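Trainee: Before we start, here is the structure in question, set down as structure tokens.
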Amino acid sequence: MASDVLETRPATKSNGLVATRKRLRKAEMLLEVSRKIASFDSLDDALGALVSLISEELNAERSSLFLNDPLTGELYSRIAQHTMSREIRMLNNAGIAGAVFESGEGEIISDPYADPRFNATVDEQTGFKTRSIVCAPVKTVNGEVIGVTQALNRKKGGFDQDDLELLEAITTQAAVTLQSKQFMERMEKNRATEIEFLNVVSDVTSELELGSLLTKVMGEATRMLNADRSTLFLNDEKTSELFSRVAMGDTLGEIRLPNHLGIAGAVFTSGKTVNIPYAYADLRFNPSFDKQTGFFTRSILCVPVTNKDGKMIGVTQVLNKRGGAFTDEDETRLKAFTAQVSIALENAKLFEDVQTMKNYNESMLESMSNGVITMDEDGNIVTCNGAGLRIMKVEAEDIIGKPVLEFFADKNDWLPERIKKVEERGEADVLMDAELEFGDGAISANINVLPLLGEKEKKLGAMVMIEDISSEKRMKSTMSRYIDPGIADQLLGGDEADNFLGGKSSEITVLFSDVRSFTTLTESLGAQGTVEMLNEYFTIMVDIITREGGMLDKFIGDAIMAGFGIPISHDDNEDRAVRAAIAMITELWQWNEIRVADGKLAIDHGVGLNTGTVVSGNIGSPKRMDYTMIGDGVNLAARLESACKQYSAHVLISEFTKAKLKGTYRMRDVDMVVVKGKTEPVKIFEVLDYHTPETFPNLMDSVGYFNEAITKYRAGEWDKAMTKFTEAMAANPSDKLAQTYVERCEVLKADPPAEWDGVWVMTSK
């Protein structure tokens, strides 16, 4: 018995020493893990060293270590390839590694191919055969799982519990260092990103040209978020549209859309970011652009762009994040980027507006027939437009930069004194028919001197406008009181014989208008009131006629006679005449509202239009002549104006005018008439475009019924015609013309004509 005891003691002591040595070696190895991992500067080097150490200590053919990326929900590992490092990523809940990461518990897999979680495709791609796996979570001292490590294929035998414990010990020992290096890498990456971000912002914000700035911003947003494309829309407050500039060949084109439609409109109106992982699943997305361009939109990130005052100025839209959907970090970066460039965008837009205004002002000055000269506060001439150079017969270098006292000298020395007084008083000065001498001659001119004032009434200098009223100017000013100024220009440019003697035959559209119940008005207003009323009335009507390029022929008492197509013809004379007639009714009604509010009587008038051949030109004697129109075409227009009363209409046009109209108007077939003095019938139509739903309810329905009724009427089907006229009256009870036709049908039905062709003979003018 004693001998047995003696024999076993040495063995027990030896086993203890072996265990102690193992523990000491394990402790040394774990300390070496901490020291060795900490000695590396980069995370890649630390991961490589740790993977090699794990393979060596566990006697494994290979091993790997995956760290978790909380931003993407992925496990990633770095693999060295020559001088480069390749990154492998997978979802942190996929495969055996994902299961261990989620559970936080290590596992030993003796037969991976029998485990449904194992992904055999990696072996198939690489030719490596996985026989066994030991996998452990990488935990920090406080139990947080930051990754997973695994060893594959123990070289001798299979992995056991001791291997798992050793692997867990190694990863626990290295976890803090790995986490620290991971944090440092993230900090370095963020720092590099911030530096890059600041460089990008600095580069972008230095651009003042709006088109180039938009292109840069869109390019940087696309690159920064690793997307397919991006668009930056700015708001146009004048049109309530979002616009952007895009490359179209060698130039920049402009895209515009209403600022409340689509994804961009939703973000602009709400001021809230929209992140859509699946564009076609969102009802706000308009796929028509994809169909037009062939581009396929998968994901959209759209953020509002606000200025420093918090005002919405546009939106930035980025499409198709490569590798997945846009993340919260993408939103943050894009918001920060747009916040930084918003000031540059406003500056560029302001610069473009100022440049546009400058170009507009310069173009406007150059297009003016009057000379414009500006002086600074020191009395030096700064600018002079082309008209000014022509009027003063000088070159630009002869006047620009010269003191005003030096340039306007001798007989023109009175002008600098007027300029000085204007600058001192800050009030404009006007000189009519003044005389200035330039070169070898004098001109008559109307001169305006205006002070130039900046903010807070700061004096900037003065501006002089010179209108040359010599000869042609004086004549044009006189003629423009009678005809359109554009027509006067062309008349003055022709031969004197053509302008003042004889006439010519041409096809034009004649307009006649006449005030209704004029005698009643004159009795109510008296002589002075009638003249005042007519002056106001003619001012409104003549402005309308000249606005449409018509020429006022004459006033005949309270009537107006005008022509469209003389002395200069347009390719849409008839449309111009119809538009003028519509406006004459519309603006008359607007004027009536003011008159009635002032306690005055409302005025009504009718308008007749006809297109035909007339003789136009100067008729009279060399001492007294009148530019007028004569012929059957004129007479028919006058008859149609007179017929407005009979047909309860405001605007009647002949079939000849209707046939040449290019526009579309709301009108109805009124009648076929033989006017007094003629034998051939003419079809006439009533134009109704001046009406509103209040003045003519159910207009198109009523017109439809009326036109059907006219067809039945001309066919002699009196009952059917009356039915349709009655339907027209039901649609608009105030339709007096339909009532007139009902009465006419009743008369014709009671005493049918022997031969009926639908033509009505007018017995009065």
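By convention in this document, the chains of the structure tokens carry letters A, B, ... by their order, each chain's residues are numbered from 1, and ligands are numbered from 1 in the order they are shown.
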Neighbours of Lys645 in chain A within 12 Å (only C-alpha atoms; same-chain residues fewer than 5 positions away dropped), as a list in words?

Mentor: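 Once the adjacent positions are removed, what remains is Ser513, Asp514, Val515, Arg516, Ser517, Asp604, His605, Gly606, Val607, Gly608, Arg639, Leu640, His650, Val651, Leu652, Lys736, Leu737, Thr740, Ser764 and Lys765 of chain A.
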
Trainee: When you look at Pro70 in chain A with a cut-off of 12 Å (counting only C-alpha atoms), what residues show up, excluding the ones that are within fewer than 6 positions of it in the same chain? I need them as a list of chain:residue names.

Mentor: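 Once the nearby chain positions are removed, what remains is A:Tyr76, A:Leu91, A:Asn92, A:Val145, A:Ile146, A:Gly147, A:Gln182, A:Arg186, A:Thr327, A:Asp328, A:Glu329.
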
Trainee: In Å, how far is it from CA of Leu661 in chain A to CA of Phe512 in chain A?

Mentor: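 One can read the CA of Leu661 in chain A to CA of Phe512 in chain A distance as 18.1 Å.
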
Trainee: Could you tell me which of A:Val449, A:Ile443, A:Ala221, A:Cys384 comes closest to Glu417 in chain A if we count only C-alpha atoms?

Mentor: A:Val449

Trainee: Calculate how many Å separate CA of Leu167 in chain A from CA of Gly127 in chain A, rounding to one decimal.

Mentor: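 So the answer is 25.7 Å.
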
Trainee: Excluding range 300-308 of chain A and its own-chain neighbours fewer than 2 positions away, which residues fall within 8 Å of it when counting only C-alpha atoms? Please give them as a VMD selection string.

Mentor: chain A and resid 263 to 264 267 to 268 271 to 279 297 to 298 310 to 321 326 331 334 to 335 338 to 339 342 to 343 346

Trainee: Grab the residues selected above and save them as a CSV table (one decimal), in the first residue's frame with N, CA and C atoms.

Mentor:
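So result08.csv came out as:
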```csv
chain,number,residue,atom,x,y,z
A,263,ILE,N,-40.6,64.2,-56.2
A,263,ILE,CA,-39.8,64.1,-55.0
A,263,ILE,C,-39.2,65.4,-54.6
A,264,ALA,N,-38.6,66.0,-55.6
A,264,ALA,CA,-37.9,67.3,-55.4
A,264,ALA,C,-38.9,68.4,-54.8
A,267,VAL,N,-39.9,67.7,-51.2
A,267,VAL,CA,-38.8,68.1,-50.2
A,267,VAL,C,-38.8,69.6,-50.1
A,268,PHE,N,-38.9,70.3,-51.3
A,268,PHE,CA,-38.9,71.8,-51.2
A,268,PHE,C,-40.0,72.4,-50.4
A,271,GLY,N,-39.6,70.9,-46.6
A,271,GLY,CA,-38.3,71.2,-45.9
A,271,GLY,C,-37.7,70.0,-45.2
A,272,LYS,N,-38.3,68.8,-45.5
A,272,LYS,CA,-37.8,67.6,-44.9
A,272,LYS,C,-37.1,66.7,-45.9
A,273,THR,N,-36.0,66.0,-45.4
A,273,THR,CA,-35.2,65.1,-46.2
A,273,THR,C,-36.0,63.9,-46.5
A,274,VAL,N,-35.9,63.4,-47.7
A,274,VAL,CA,-36.5,62.1,-48.2
A,274,VAL,C,-35.4,61.1,-48.6
A,275,ASN,N,-35.5,59.9,-48.0
A,275,ASN,CA,-34.5,58.9,-48.3
A,275,ASN,C,-35.3,57.7,-48.8
A,276,ILE,N,-35.3,57.4,-50.1
A,276,ILE,CA,-36.2,56.3,-50.6
A,276,ILE,C,-35.3,55.2,-51.1
A,277,PRO,N,-35.3,54.0,-50.5
A,277,PRO,CA,-34.5,52.9,-51.0
A,277,PRO,C,-35.0,52.3,-52.3
A,278,TYR,N,-36.3,52.4,-52.5
A,278,TYR,CA,-36.9,51.8,-53.7
A,278,TYR,C,-37.8,52.8,-54.4
A,279,ALA,N,-37.3,53.5,-55.4
A,279,ALA,CA,-37.9,54.7,-56.0
A,279,ALA,C,-39.3,54.3,-56.6
A,297,THR,N,-33.8,54.4,-62.0
A,297,THR,CA,-33.6,54.9,-60.7
A,297,THR,C,-34.0,53.9,-59.7
A,298,ARG,N,-33.0,53.6,-58.8
A,298,ARG,CA,-33.2,52.6,-57.8
A,298,ARG,C,-33.5,53.2,-56.4
A,310,GLY,N,-32.4,80.4,-43.0
A,310,GLY,CA,-33.3,79.3,-42.9
A,310,GLY,C,-34.3,79.2,-44.0
A,311,LYS,N,-34.2,80.1,-45.1
A,311,LYS,CA,-35.1,80.1,-46.2
A,311,LYS,C,-34.8,79.0,-47.2
A,312,MET,N,-35.8,78.3,-47.7
A,312,MET,CA,-35.6,77.3,-48.7
A,312,MET,C,-35.2,77.9,-50.0
A,313,ILE,N,-34.1,77.5,-50.6
A,313,ILE,CA,-33.6,78.0,-51.9
A,313,ILE,C,-33.5,76.9,-52.9
A,314,GLY,N,-33.7,75.7,-52.5
A,314,GLY,CA,-33.6,74.6,-53.5
A,314,GLY,C,-33.5,73.2,-52.9
A,315,VAL,N,-33.2,72.2,-53.6
A,315,VAL,CA,-33.0,70.8,-53.1
A,315,VAL,C,-31.9,70.2,-53.9
A,316,THR,N,-31.2,69.2,-53.2
A,316,THR,CA,-30.2,68.4,-53.8
A,316,THR,C,-30.7,67.0,-53.9
A,317,GLN,N,-30.6,66.4,-55.0
A,317,GLN,CA,-31.2,65.0,-55.2
A,317,GLN,C,-30.1,64.1,-55.8
A,318,VAL,N,-29.8,63.0,-55.0
A,318,VAL,CA,-28.7,62.1,-55.4
A,318,VAL,C,-29.4,60.7,-55.7
A,319,LEU,N,-29.0,60.1,-56.8
A,319,LEU,CA,-29.6,58.8,-57.2
A,319,LEU,C,-28.7,57.7,-57.2
A,320,ASN,N,-29.2,56.5,-56.8
A,320,ASN,CA,-28.6,55.2,-57.0
A,320,ASN,C,-27.2,55.1,-56.2
A,321,LYS,N,-27.3,54.9,-54.9
A,321,LYS,CA,-26.1,54.6,-54.1
A,321,LYS,C,-25.6,53.3,-54.6
A,326,PHE,N,-29.0,54.5,-49.4
A,326,PHE,CA,-28.3,55.6,-48.8
A,326,PHE,C,-28.5,55.5,-47.3
A,331,GLU,N,-26.9,61.0,-45.4
A,331,GLU,CA,-27.8,62.1,-45.2
A,331,GLU,C,-27.1,63.2,-44.5
A,334,LEU,N,-24.5,64.8,-46.9
A,334,LEU,CA,-25.1,65.7,-47.9
A,334,LEU,C,-25.6,66.9,-47.3
A,335,LYS,N,-26.3,66.8,-46.2
A,335,LYS,CA,-26.8,68.1,-45.5
A,335,LYS,C,-25.7,69.0,-45.2
A,338,THR,N,-24.4,70.6,-48.5
A,338,THR,CA,-25.3,71.6,-49.1
A,338,THR,C,-25.4,72.9,-48.2
A,339,ALA,N,-25.2,72.7,-46.9
A,339,ALA,CA,-25.3,73.8,-46.0
A,339,ALA,C,-24.0,74.7,-46.2
A,342,SER,N,-24.5,76.5,-49.8
A,342,SER,CA,-25.7,77.3,-50.0
A,342,SER,C,-25.3,78.8,-50.1
A,343,ILE,N,-24.4,79.2,-49.4
A,343,ILE,CA,-24.0,80.6,-49.5
A,343,ILE,C,-23.4,80.9,-50.9
A,346,GLU,N,-26.2,81.0,-53.4
A,346,GLU,CA,-26.9,82.3,-53.4
A,346,GLU,C,-26.1,83.4,-54.0
```

Trainee: Can you work out which one of A:Gly550, A:Gly262, A:Gly557, A:Gly158 has the shortest atom-to-atom distance to Asp572 in chain A, counting only C-alpha atoms?

Mentor: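 Among the listed residues, A:Gly550 lies closest to Asp572 in chain A.
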
Trainee: What parts of range 480-648 of chain A does DSSP call strand (DSSP E or B)? I'd like the answer as a VMD selection string.

Mentor: chain A and resid 503 to 515 551 to 556 559 to 564 605 to 620 625 to 630

Trainee: Closest to Phe289 in chain A among A:Leu53, A:Ile653, A:Val464, A:Ile255, using only C-alpha atoms?

Mentor: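 Nearest to Phe289 in chain A: A:Ile255.
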
Trainee: Find the residue from A:Val122, A:Val100, A:Leu152, A:Ile582 that sits nearest to Ser63 in chain A; use only C-alpha atoms when measuring.

Mentor: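 Using only C-alpha atoms, the shortest distance to Ser63 in chain A belongs to A:Leu152.
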
Trainee: So which residues touch Glu241 in chain A within 8 Å, counting only C-alpha atoms, skipping near sequence neighbours fewer than 5 positions away, as a VMD selection string?

Mentor: chain A and resid 235 to 236 256 to 259

Trainee: Could you write those residues out with N, CA and C atoms, as a PDB file, in the first residue's frame?

Mentor:
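As a result, again.pdb now contains:
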```
ATOM      1  N   ASN A 235     -34.595  77.278 -56.620  1.00  0.00           N
ATOM      2  CA  ASN A 235     -35.956  77.786 -56.803  1.00  0.00           C
ATOM      3  C   ASN A 235     -35.937  79.125 -57.528  1.00  0.00           C
ATOM      4  N   ASP A 236     -36.812  79.224 -58.528  1.00  0.00           N
ATOM      5  CA  ASP A 236     -37.018  80.491 -59.238  1.00  0.00           C
ATOM      6  C   ASP A 236     -38.299  81.100 -58.677  1.00  0.00           C
ATOM      7  N   ARG A 256     -36.534  72.467 -65.909  1.00  0.00           N
ATOM      8  CA  ARG A 256     -37.446  73.192 -65.028  1.00  0.00           C
ATOM      9  C   ARG A 256     -38.651  72.325 -64.712  1.00  0.00           C
ATOM     10  N   LEU A 257     -39.123  72.426 -63.464  1.00  0.00           N
ATOM     11  CA  LEU A 257     -40.327  71.714 -63.057  1.00  0.00           C
ATOM     12  C   LEU A 257     -40.993  72.505 -61.946  1.00  0.00           C
ATOM     13  N   PRO A 258     -42.327  72.407 -61.817  1.00  0.00           N
ATOM     14  CA  PRO A 258     -43.021  73.127 -60.739  1.00  0.00           C
ATOM     15  C   PRO A 258     -42.446  72.751 -59.380  1.00  0.00           C
ATOM     16  N   ASN A 259     -42.296  73.756 -58.497  1.00  0.00           N
ATOM     17  CA  ASN A 259     -41.608  73.502 -57.225  1.00  0.00           C
ATOM     18  C   ASN A 259     -42.453  72.791 -56.182  1.00  0.00           C
TER      19      ASN A 259
END
```

Trainee: Would you mind writing down, as a VMD selection string, each residue of range 317-464 of chain A that DSSP on the backbone assigns to helix (DSSP H, G or I)?

Mentor: chain A and resid 328 to 367 386 to 392 396 to 399 404 to 407 410 to 412 414 to 425 455 to 457

Trainee: Please list as a list in words every residue within 9 Å of Phe66 in chain A, counting only C-alpha atoms and excluding residues in the same chain fewer than 5 positions away.

Mentor: Leu75, Tyr76, Ser77, Arg78, Ile88, Arg89, Ala97, Val138, Ile146, Gly147, Val148, Thr149 and Gln150 of chain A

Trainee: Record the distance separating CA of Pro567 in chain A and CA of Thr628 in chain A, expressed in Å with one decimal.

Mentor: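 Spanning CA of Pro567 in chain A to CA of Thr628 in chain A is a straight-line distance of 10.1 Å.
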
Trainee: Residues at most 12 Å from Cys135 in chain A, counting only C-alpha atoms, excluding those fewer than 2 positions away in the same chain, as a PyMOL selection string?

Mentor: chain A and resi 54+58+63-66+95-101+103-110+112+132-133+137-138+147-153+159-161+163-168+171

Trainee: Point out the residue among A:Leu601, A:Thr613, A:Ala387, A:Ser654 with the least atom-to-atom distance to Thr520 in chain A, counting only C-alpha atoms.

Mentor: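 Selected residue with least distance to Thr520 in chain A: A:Leu601.
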